[in-house]
Structure formats: C-alpha cells, structure tokens
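run.cif follows; it contains mmCIF, C-alpha atoms.
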```cif
data_final
loop_
_atom_site.label_atom_id
_atom_site.label_comp_id
_atom_site.auth_asym_id
_atom_site.auth_seq_id
_atom_site.Cartn_x
_atom_site.Cartn_y
_atom_site.Cartn_z
CA MET N 281 24.54 37.57 79.74
CA SER N 282 26.67 34.58 80.73
CA GLU N 283 25.64 32.59 83.76
CA SER N 284 27.09 33.95 87.01
CA SER N 285 28.59 31.60 89.54
CA SER N 286 27.02 32.17 92.95
CA ARG N 287 29.07 31.46 96.05
CA SER N 288 28.28 30.82 99.69
CA SER N 289 30.47 30.48 102.76
CA LYS N 290 30.38 30.32 106.54
CA THR N 291 29.08 33.37 108.33
CA ASN N 292 31.84 33.64 110.91
CA ASP N 293 33.93 36.79 110.72
CA CYS N 294 37.52 36.07 109.83
CA ILE N 295 39.47 38.23 111.57
CA SER N 296 39.04 38.17 115.33
CA SER N 297 40.24 41.02 117.55
CA VAL N 298 43.36 38.95 118.26
CA ILE N 299 44.26 38.80 114.58
CA SER N 300 43.32 42.38 113.75
CA SER N 301 45.70 43.65 116.42
CA SER N 302 48.63 41.61 115.13
CA VAL N 303 48.45 41.66 111.33
CA PRO N 304 51.39 42.98 109.29
CA PRO N 305 51.77 46.77 109.70
CA ASP N 306 50.87 47.68 106.11
CA CYS N 307 48.06 45.14 105.64
CA THR N 308 44.51 46.48 105.68
CA THR N 309 41.25 45.11 104.34
CA HIS N 310 38.51 47.36 102.97
CA ILE N 311 35.07 45.86 102.50
CA ILE N 312 33.47 47.31 99.38
CA GLY N 313 30.09 48.95 99.86
CA MET N 314 30.72 50.31 103.37
CA THR N 315 30.86 54.00 102.40
CA ASP N 316 28.28 56.41 101.01
CA GLY N 317 30.73 58.07 98.62
CA SER N 318 33.29 56.77 96.14
CA LEU N 319 36.81 55.90 97.26
CA ASP N 320 39.73 58.22 96.53
CA PRO N 321 41.40 57.00 93.29
CA ASN N 322 44.61 58.83 94.27
CA SER N 323 45.17 56.74 97.40
CA THR N 324 48.54 55.01 97.31
CA GLN N 325 47.42 51.46 97.94
CA CYS N 326 46.97 48.16 96.17
CA TRP N 327 43.66 48.49 94.36
CA ALA N 328 43.11 44.73 94.47
CA CYS N 329 43.65 43.95 98.17
CA PHE N 330 43.84 47.47 99.70
CA THR N 331 47.26 46.94 101.25
CA SER N 332 48.90 50.28 101.91
CA LEU N 333 51.80 51.02 99.57
CA ARG N 334 52.88 54.11 101.48
CA LEU N 335 53.69 53.87 105.15
CA SER N 336 51.48 55.79 107.57
CA ALA N 337 52.47 57.13 110.97
CA PRO N 338 54.00 54.58 113.37
CA SER N 339 51.42 52.42 115.13
CA ASP N 340 51.23 51.82 118.85
CA SER N 341 50.73 48.08 118.32
CA SER N 342 53.42 45.73 119.56
CA GLN N 343 54.07 44.63 115.99
CA ASN N 344 55.46 48.06 115.11
CA LYS N 345 57.24 49.35 118.20
CA ASN N 346 60.68 48.02 117.39
CA THR N 347 60.69 48.67 113.66
CA LYS N 348 63.49 50.97 112.54
CA ASN N 349 63.25 53.80 110.02
CA ARG N 350 59.46 53.95 109.96
CA ASP N 351 59.66 57.22 107.98
CA ILE N 352 60.65 55.42 104.78
CA GLU N 353 58.03 55.67 102.04
CA SER N 354 56.90 52.06 102.12
CA PHE N 355 58.10 48.54 102.75
CA TYR N 356 56.25 47.46 99.60
CA THR N 357 57.10 48.06 95.95
CA ILE N 358 54.39 49.44 93.66
CA HIS N 359 53.55 47.26 90.66
CA GLU N 360 51.27 47.76 87.66
CA HIS N 361 48.20 45.56 87.19
CA PRO N 362 48.94 43.49 84.04
CA LEU N 363 45.51 44.11 82.50
CA PHE N 364 43.94 47.18 84.06
CA ASN N 365 47.12 49.25 84.56
CA PHE N 366 46.49 50.58 88.07
CA MET N 367 48.77 50.20 91.11
CA VAL N 368 48.88 46.89 92.96
CA CYS N 369 51.21 45.10 95.34
CA SER N 370 53.57 42.37 94.16
CA SER N 371 51.31 39.55 95.42
CA CYS N 372 48.23 40.80 93.56
CA ALA N 373 50.26 41.56 90.44
CA GLU N 374 51.44 37.94 90.40
CA LYS N 375 47.90 36.59 90.84
CA ALA N 376 46.45 38.87 88.17
CA GLU N 377 49.24 37.97 85.74
CA ALA N 378 48.45 34.27 86.09
CA VAL N 379 44.75 34.94 85.48
CA GLU N 380 45.49 37.11 82.44
CA ASP N 381 47.79 34.43 81.01
CA ASP N 382 44.84 32.02 81.12
CA ALA N 383 42.56 34.56 79.44
CA LEU N 384 45.06 35.24 76.66
CA GLU N 385 45.46 31.49 76.08
CA ILE N 386 41.69 31.11 75.67
CA GLU N 387 41.60 34.07 73.27
CA LEU N 388 44.44 32.54 71.26
CA ASP N 389 42.69 29.17 71.09
CA SER N 390 39.42 30.80 69.98
CA GLY N 391 41.11 32.73 67.18
CA GLY N 392 40.12 36.08 68.65
CA LYS N 393 36.38 35.34 68.58
CA SER N 394 34.22 36.91 71.25
CA THR N 395 32.23 34.71 73.62
CA GLN N 396 29.05 35.31 71.57
CA GLN N 397 30.76 34.35 68.31
CA GLN N 398 31.90 30.98 69.63
CA SER N 399 29.65 27.95 69.33
CA ASP N 400 27.93 26.82 72.53
CA GLY N 401 30.31 23.90 72.90
CA ASP N 402 33.40 26.08 72.52
CA GLU N 403 32.36 28.95 74.81
CA ARG N 404 34.97 29.37 77.54
CA ASN N 405 35.67 31.81 80.35
CA ILE N 406 38.34 31.88 83.01
CA SER N 407 37.23 30.87 86.50
CA ALA N 408 38.91 33.72 88.38
CA CYS N 409 38.45 37.47 88.72
CA SER N 410 40.67 39.41 86.32
CA TRP N 411 40.82 42.34 88.76
CA CYS N 412 41.81 40.78 92.11
CA GLY N 413 42.91 37.31 90.96
CA LEU N 414 40.62 35.37 93.31
CA ASP N 415 39.40 32.12 91.79
CA GLU N 416 36.18 30.22 92.48
CA GLU N 417 37.75 28.30 95.35
CA ASP N 418 38.95 31.55 96.95
CA LEU N 419 35.47 33.04 96.71
CA GLU N 420 34.01 30.01 98.52
CA ASP N 421 36.62 30.07 101.29
CA PRO N 422 35.55 31.90 104.49
CA ILE N 423 39.21 32.60 105.40
CA THR N 424 39.73 34.72 102.28
CA PRO N 425 39.71 38.35 103.51
CA LEU N 426 38.36 39.64 100.20
CA ALA N 427 35.61 37.05 99.81
CA ASP N 428 33.19 39.30 101.75
CA HIS N 429 31.79 36.32 103.67
CA GLY N 430 29.92 34.59 100.86
CA LEU N 431 28.42 37.71 99.29
CA ASN N 432 30.78 37.56 96.32
CA GLU N 433 29.88 36.07 92.94
CA LEU N 434 31.88 35.58 89.76
CA TYR N 435 30.37 37.21 86.68
CA LEU N 436 31.40 35.99 83.24
CA CYS N 437 31.96 38.53 80.47
CA ASP N 438 29.84 38.10 77.33
CA ALA N 439 32.43 39.74 75.06
CA CYS N 440 35.69 38.09 76.15
CA PRO N 441 36.83 35.11 78.25
CA ARG N 442 37.42 37.20 81.37
CA ALA N 443 35.40 37.37 84.57
CA MET N 444 35.04 39.70 87.55
CA CYS N 445 33.75 39.19 91.07
CA THR N 446 30.96 41.29 92.57
CA ARG N 447 33.36 43.13 94.85
CA CYS N 448 35.63 44.23 92.02
CA VAL N 449 32.73 45.17 89.73
CA ALA N 450 31.58 47.50 92.51
CA LEU N 451 35.11 48.76 93.06
CA SER N 452 35.47 49.55 89.36
CA ARG N 453 32.51 51.93 89.76
CA GLY N 454 33.85 53.66 92.88
CA GLY N 455 33.29 51.18 95.73
CA SER N 456 30.34 52.87 97.49
CA LYS N 457 27.16 51.22 98.81
CA GLN N 458 25.32 52.43 95.71
CA ASP N 459 28.04 51.00 93.46
CA LEU N 460 27.76 47.59 95.12
CA PHE N 461 23.98 47.58 94.73
CA ALA N 462 24.23 48.65 91.07
CA ALA N 463 26.93 46.06 90.34
CA ARG N 464 24.76 43.22 91.62
CA LYS N 465 21.68 44.51 89.84
CA ASP N 466 23.38 44.97 86.45
CA ALA N 467 25.34 41.72 86.52
CA ASN N 468 22.19 39.75 87.34
CA ALA N 469 20.13 41.35 84.57
CA VAL N 470 19.65 38.16 82.54
CA GLU N 471 18.05 39.92 79.59
CA GLU N 472 21.12 42.09 79.01
CA GLU N 473 24.68 41.29 78.07
CA TRP N 474 27.31 41.99 80.71
CA VAL N 475 30.88 43.03 79.91
CA CYS N 476 33.96 43.26 82.13
CA CYS N 477 36.07 46.39 82.65
CA ASN N 478 38.47 45.30 79.93
CA CYS N 479 35.66 45.46 77.35
CA GLY N 480 33.85 48.42 78.92
CA PRO N 481 36.21 50.55 81.08
CA THR N 482 34.47 52.57 83.79
CA SER N 483 35.23 56.19 84.62
CA PHE N 484 36.61 55.19 88.03
CA LEU N 485 38.98 52.68 86.42
CA LYS N 486 40.26 55.44 84.14
CA GLU N 487 40.89 57.59 87.23
CA LEU N 488 42.88 54.75 88.82
CA GLN N 489 44.93 54.43 85.63
CA ARG N 490 45.66 58.17 85.54
CA SER N 491 46.66 58.05 89.21
CA TYR N 492 49.10 55.22 88.55
CA LYS N 493 50.67 57.03 85.59
CA LYS N 494 51.57 59.93 87.88
CA ILE N 495 53.69 57.72 90.11
CA ALA N 496 54.61 54.89 87.71
CA PRO N 497 58.29 53.91 88.10
CA GLU N 498 58.98 54.33 84.39
CA ASN N 499 57.53 57.85 84.48
CA VAL N 500 58.95 59.35 87.66
CA ASP N 501 61.70 57.21 89.12
CA GLU N 502 64.59 58.52 87.05
CA GLU N 503 63.46 62.13 87.33
CA LYS N 504 62.92 61.76 91.06
CA LYS N 505 66.29 60.08 91.54
CA GLU N 506 68.05 62.88 89.65
CA GLU N 507 66.32 65.50 91.77
CA GLU N 508 67.34 63.69 94.95
CA LYS N 509 70.90 63.32 93.74
CA GLU N 510 71.09 67.06 93.07
CA LYS N 511 70.09 67.72 96.67
CA GLU N 512 72.46 65.22 98.22
CA SER N 513 75.68 63.49 97.38
CA ASP N 514 75.85 60.03 95.84
CA ASP N 515 77.09 58.70 99.17
CA ALA N 516 74.09 60.16 101.01
CA TYR N 517 71.67 58.76 98.44
CA ILE N 518 73.27 55.31 98.66
CA ALA N 519 73.12 55.48 102.45
CA LYS N 520 69.41 56.25 102.21
CA LEU N 521 68.83 53.19 100.03
CA ILE N 522 70.88 50.99 102.37
CA ASP N 523 68.86 52.27 105.35
CA LYS N 524 65.66 51.30 103.56
CA LEU N 525 67.11 47.90 102.65
CA ASN N 526 68.17 47.26 106.27
CA ALA N 527 64.75 48.29 107.59
CA THR N 528 62.99 46.03 105.12
CA GLU N 529 65.29 43.11 105.94
CA ASP N 530 64.56 43.65 109.65
CA GLU N 531 60.83 43.50 108.87
CA LEU N 532 61.37 40.35 106.79
CA GLU N 533 63.19 38.67 109.66
CA LYS N 534 60.30 39.52 111.99
CA ALA N 535 57.83 38.04 109.50
CA GLN N 536 59.92 34.85 109.29
CA GLN N 537 59.90 34.54 113.08
CA ILE N 538 56.13 35.02 113.28
CA LEU N 539 55.63 32.26 110.69
CA GLU N 540 57.70 29.75 112.69
CA ASP N 541 55.71 26.80 114.03
CA ASP N 542 56.25 27.68 117.72
CA ASN N 543 54.96 31.22 117.26
CA LEU N 544 51.98 30.04 115.21
CA GLU N 545 51.05 27.65 118.02
CA LYS N 546 51.16 30.56 120.49
CA GLN N 547 48.91 32.53 118.16
CA ARG N 548 46.55 29.54 117.95
CA GLU N 549 46.12 29.61 121.74
CA LEU N 550 45.47 33.37 121.73
CA ILE N 551 42.88 32.95 118.99
CA LYS N 552 41.24 30.01 120.79
CA ASN N 553 40.89 32.00 124.01
CA GLU N 554 39.42 34.97 122.16
CA VAL N 555 37.01 32.86 120.10
CA GLN N 556 35.89 30.97 123.23
CA LYS N 557 35.11 34.27 124.99
CA GLN N 558 33.14 35.48 121.97
CA MET N 559 31.16 32.23 121.74
CA GLU N 560 30.36 32.22 125.47
CA THR N 561 29.18 35.84 125.23
CA THR N 562 26.94 35.19 122.22
CA GLY N 563 25.78 31.76 123.40
CA ASN N 564 27.10 29.98 120.29
CA ASP N 565 27.79 26.25 120.23
CA LEU N 566 31.32 25.63 121.53
CA THR N 567 31.55 22.37 119.56
CA GLU N 568 32.42 24.45 116.48
CA ILE N 569 35.30 26.27 118.16
CA ASP N 570 38.06 24.15 116.62
CA ASP N 571 36.90 24.85 113.06
CA GLN N 572 36.68 28.59 113.69
CA VAL N 573 40.11 28.67 115.35
CA GLU N 574 41.64 26.93 112.33
CA ASP N 575 39.92 29.38 109.97
CA GLU N 576 41.20 32.34 111.99
CA LEU N 577 44.73 30.94 112.20
CA GLU N 578 44.85 30.26 108.47
CA CYS N 579 43.72 33.83 107.80
CA TYR N 580 46.49 35.10 110.09
CA ARG N 581 49.10 32.90 108.41
CA GLN N 582 47.94 33.96 104.93
CA GLN N 583 48.34 37.65 105.76
CA TRP N 584 51.86 37.17 107.08
CA ASP N 585 52.79 34.98 104.09
CA ASP N 586 51.68 37.79 101.78
CA HIS N 587 53.59 40.33 103.88
CA HIS N 588 56.72 38.16 103.62
CA ALA N 589 56.36 37.88 99.83
CA ARG N 590 55.94 41.65 99.38
CA LEU N 591 58.97 42.37 101.58
CA SER N 592 61.08 39.91 99.57
CA ASP N 593 60.02 41.69 96.37
CA THR N 594 61.04 45.09 97.79
CA ILE N 595 64.41 43.75 98.94
CA SER N 596 65.09 42.39 95.45
CA HIS N 597 64.32 45.79 93.88
CA LEU N 598 66.56 47.64 96.36
CA GLN N 599 69.42 45.22 95.83
CA ASP N 600 69.13 45.62 92.06
CA GLU N 601 69.21 49.41 92.35
CA LEU N 602 72.26 49.36 94.61
CA ALA N 603 74.01 46.87 92.32
CA ALA N 604 73.38 49.22 89.37
CA MET N 605 75.22 51.90 91.36
CA ASP N 606 78.18 49.49 91.86
CA VAL N 607 77.52 49.10 95.58
CA ASP N 608 79.03 45.93 96.99
CA LEU N 609 76.59 44.71 99.64
CA THR N 610 78.84 41.84 100.65
CA ALA N 611 81.59 44.13 101.86
#
```
Turn this file's structure into structure tokens for me.
Amino acid sequence: MSESSSRSSKTNDCISSVISSSVPPDCTTHIIGMTDGSLDPNSTQCWACFTSLRLSAPSDSSQNKNTKNRDIESFYTIHEHPLFNFMVCSSCAEKAEAVEDDALEIELDSGGKSTQQQSDGDERNISACSWCGLDEEDLEDPITPLADHGLNELYLCDACPRAMCTRCVALSRGGSKQDLFAARKDANAVEEEWVCCNCGPTSFLKELQRSYKKIAPENVDEEKKEEEKEKESDDAYIAKLIDKLNATEDELEKAQQILEDDNLEKQRELIKNEVQKQMETTGNDLTEIDDQVEDELECYRQQWDDHHARLSDTISHLQDELAAMDVDLTA
C-alpha cells in the first residue's frame, strides 16, 4: 500500500465548556469510534462534519432563545458530496469539490493510469481527504474539530490519486469503535494494497447514497412543492418561504454580531477564565494558558464562520426560489 502520513497534535481538548455552550445552534461534532453500533445512515446531517441539516427542538441555551420560527426544517441547505454522492452541508461540499478538482487534475495528467501503473517518479496523490476535505495541515491542527486530537492519519489510495483520513475510513464502514479499529488495522497493513471508497465502495457508503437519493432536491423538491401548493394557496406558500428567509437572515445577523471584534474579545475573556479554572483544578502549568485560550478562541471563531457561510448559502437558495416565483423582495 502507499505510505500513510501520520499526524500528531496537542492533547488539549478543543472545545471548552464555554465554547460548547455557545456554538451555533445546528453545529455538532461527532467523534468517530465512540459508539458500539453503526451510525444511522438515514440521519439528516452533513456526513462530513456532522452538522445537523434538520432543526431539532428549540434549545434552552442563550444562543437560541430569541430565534424566530424555530419550527422551520433547517437553516442549512442540503448539498450533494461531489464524489461520494451523500448529503453534506455547503461548507463541506465546497471543500470536497476543491479536493476532487485536484484529484481529477492528477488523473488527467497521468493519462488515466492508476497509482501502481505510474513510474515511481510520477506517482502522485492528493494531500487531503476526499471525504471530509481536511488537508494535512488541518489534520495537524489541534483546533480542527474533526482532527480527533492527533489520532487521525491520511491514507493514500493505491489505485487512484485520492486519499482518506482515518476518521472517514472508519465512518465509511459505519463509524463504530470496531470500525475505527478495523480502519486503522487495514490501512496500516503494509503487505496489502489499500483502496479508497471511490475505488472500493463500502456497504455503509451505499446506504448513505440511497438515503440522499430519497431527499435529493432534484428527486423530491418539485413533487414536494406541488403537494404543498395543492394544500395551500400560492400566497400562503410564498409567505412560508419569506418567513424562512426572514428567520435565516435574523440568524445571519446574529452570527455577524458574534464575529465582531468586540464580541470575540468578550468570548476570549470567558474562555480564559474557564481554562484557568480547569488548569488550577488539574494542576497544569498556567504558563501555557495563552496558547490554549488562542486555540479555543480560534475553534469558536471557525465554527461561527462556517455557520455564517452555511446561512448565506441558504439565503441565496431561498432568494432564487422566490425570484423564480416573481416575488419582488425589494418591495
């Protein structure tokens, strides 16, 4: 098999209790290998970063109390993974598309030859995971929520120029503890060739693809819209879309406020106080507090940046749909 790229990072947990209580309402992080059984392939979530794509019940956290119309399906628009064809959020779709563009360019340059068919000097692989889009730098960075604190590695496919990280190899099998163990064992079996999910699709990946097809916009949107229109007038349907647009714009405005410098400085102080308490309790060296605070703050900022990008994507889709119905939003 191709040589895997091992990664290490700091051992501090990025996300403190301060951050976890104030992240965007639909942002969640699932650490692969924490359950005994496989994950549910029919869950409506981004299967790269585990962000919810369908809104749950209103939260009691201060971040959600004043949000209007919390019964709308989701603030985020569902996208299709450009290579694996399962549901992802707009941010992960963009990352995966950039990675796949690089892989296709390498395939084009190699004339369609597999990695084994290329000469040693010409052998090339991308340096990012084709599933989640994390590159080698991301996997080294302790602030990356999906980096699993240095336990991730990047495995290079022997049959194509693509690569996958340990976490996503395990996820492609079902995401259980056993899947994580098997993923590491198989990918590190030097005497055997290793192939990515594009060259050897797993049964769980096929389940994710079938799940996406059931709710894919091109498969159900028009039918669903027609059914809704039969139940309610055009005016009522338009009003429903406008309500969702207004709610999403309200959420976008809140995200913009949180990302302002003054509010980030307030968050820095909250994080510093929390980290200091944790270090005093555990007896850790307080001289490292500044580095940990910066890591925590960057993690917080990254999550809200992603939230902002996903909201902007949803607003664009809603505006396009209303424009197609000749609704003048400037009136």
What separation in Å, quoted to one decimal, exists between CA of Ala328 in chain N and CA of Cys372 in chain N? 6.5 Å
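The nearest approach to Glu574 in chain N among the residues N:Lys520, N:Lys546, N:Lys552, N:Lys457, with only C-alpha atoms taken into account, belongs to N:Lys552.
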Once the PyMOL selection byres ((chain N and resi 321) around 9) is applied to the coordinates I shared, what remains selected? I want it as a list in words. Ser318, Leu319, Asp320, Asn322, Ser323, Thr324, Trp327, Gly454, Phe484, Leu485, Glu487, Leu488, Gln489, Arg490 and Ser491 of chain N
So the first atom is CA of Tyr356 in chain N and the second is CA of Thr594 in chain N; what is the distance between them in Å, to one decimal place?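 CA of Thr594 in chain N lies 5.6 Å from CA of Tyr356 in chain N.
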Chain and number of each residue from the PyMOL selection byres ((chain N and resi 365) around 9), as a ChimeraX atom specification: /N:360-364,366-368,488-489,492-493
Six-sided padding of 8 Å per side, axis-aligned box over range 550-553 of chain N, centre and edges in Å, one decimal, as JSON:
```
{"center_x": 43.2, "center_y": 31.7, "center_z": 121.5, "size_x": 20.6, "size_y": 19.4, "size_z": 21.0}
```
From CA of Lys375 in chain N to CA of Glu473 in chain N the spacing works out at 26.9 Å
For the file shown, report as an MDAnalysis selection string the outcome of the PyMOL selection byres ((chain N and resi 528) around 9) at residue level. chainID N and resid 348 355:356 523:527 529:533 591:592 594:595
I'd like the contact shell of Leu460 in chain N - 9 Å cut-off, all atoms listed in the file, skipping same-chain residues fewer than 5 positions apart - returned as a PyMOL selection string. chain N and resi 312-313+446-447+449-451+453-455+465
N:Ala373, N:Val379, N:Cys412, N:Ile551 ranked by distance to Thr357 in chain N, top pick (using all atoms listed in the file):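 Among the listed residues, N:Ala373 lies closest to Thr357 in chain N.
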With distances taken over all atoms listed in the file, which residue among N:Glu416, N:Asp586, N:Asp514, N:Asp542 lies nearest Glu374 in chain N?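 Answer, going by the shortest atom-to-atom distance: N:Asp586.
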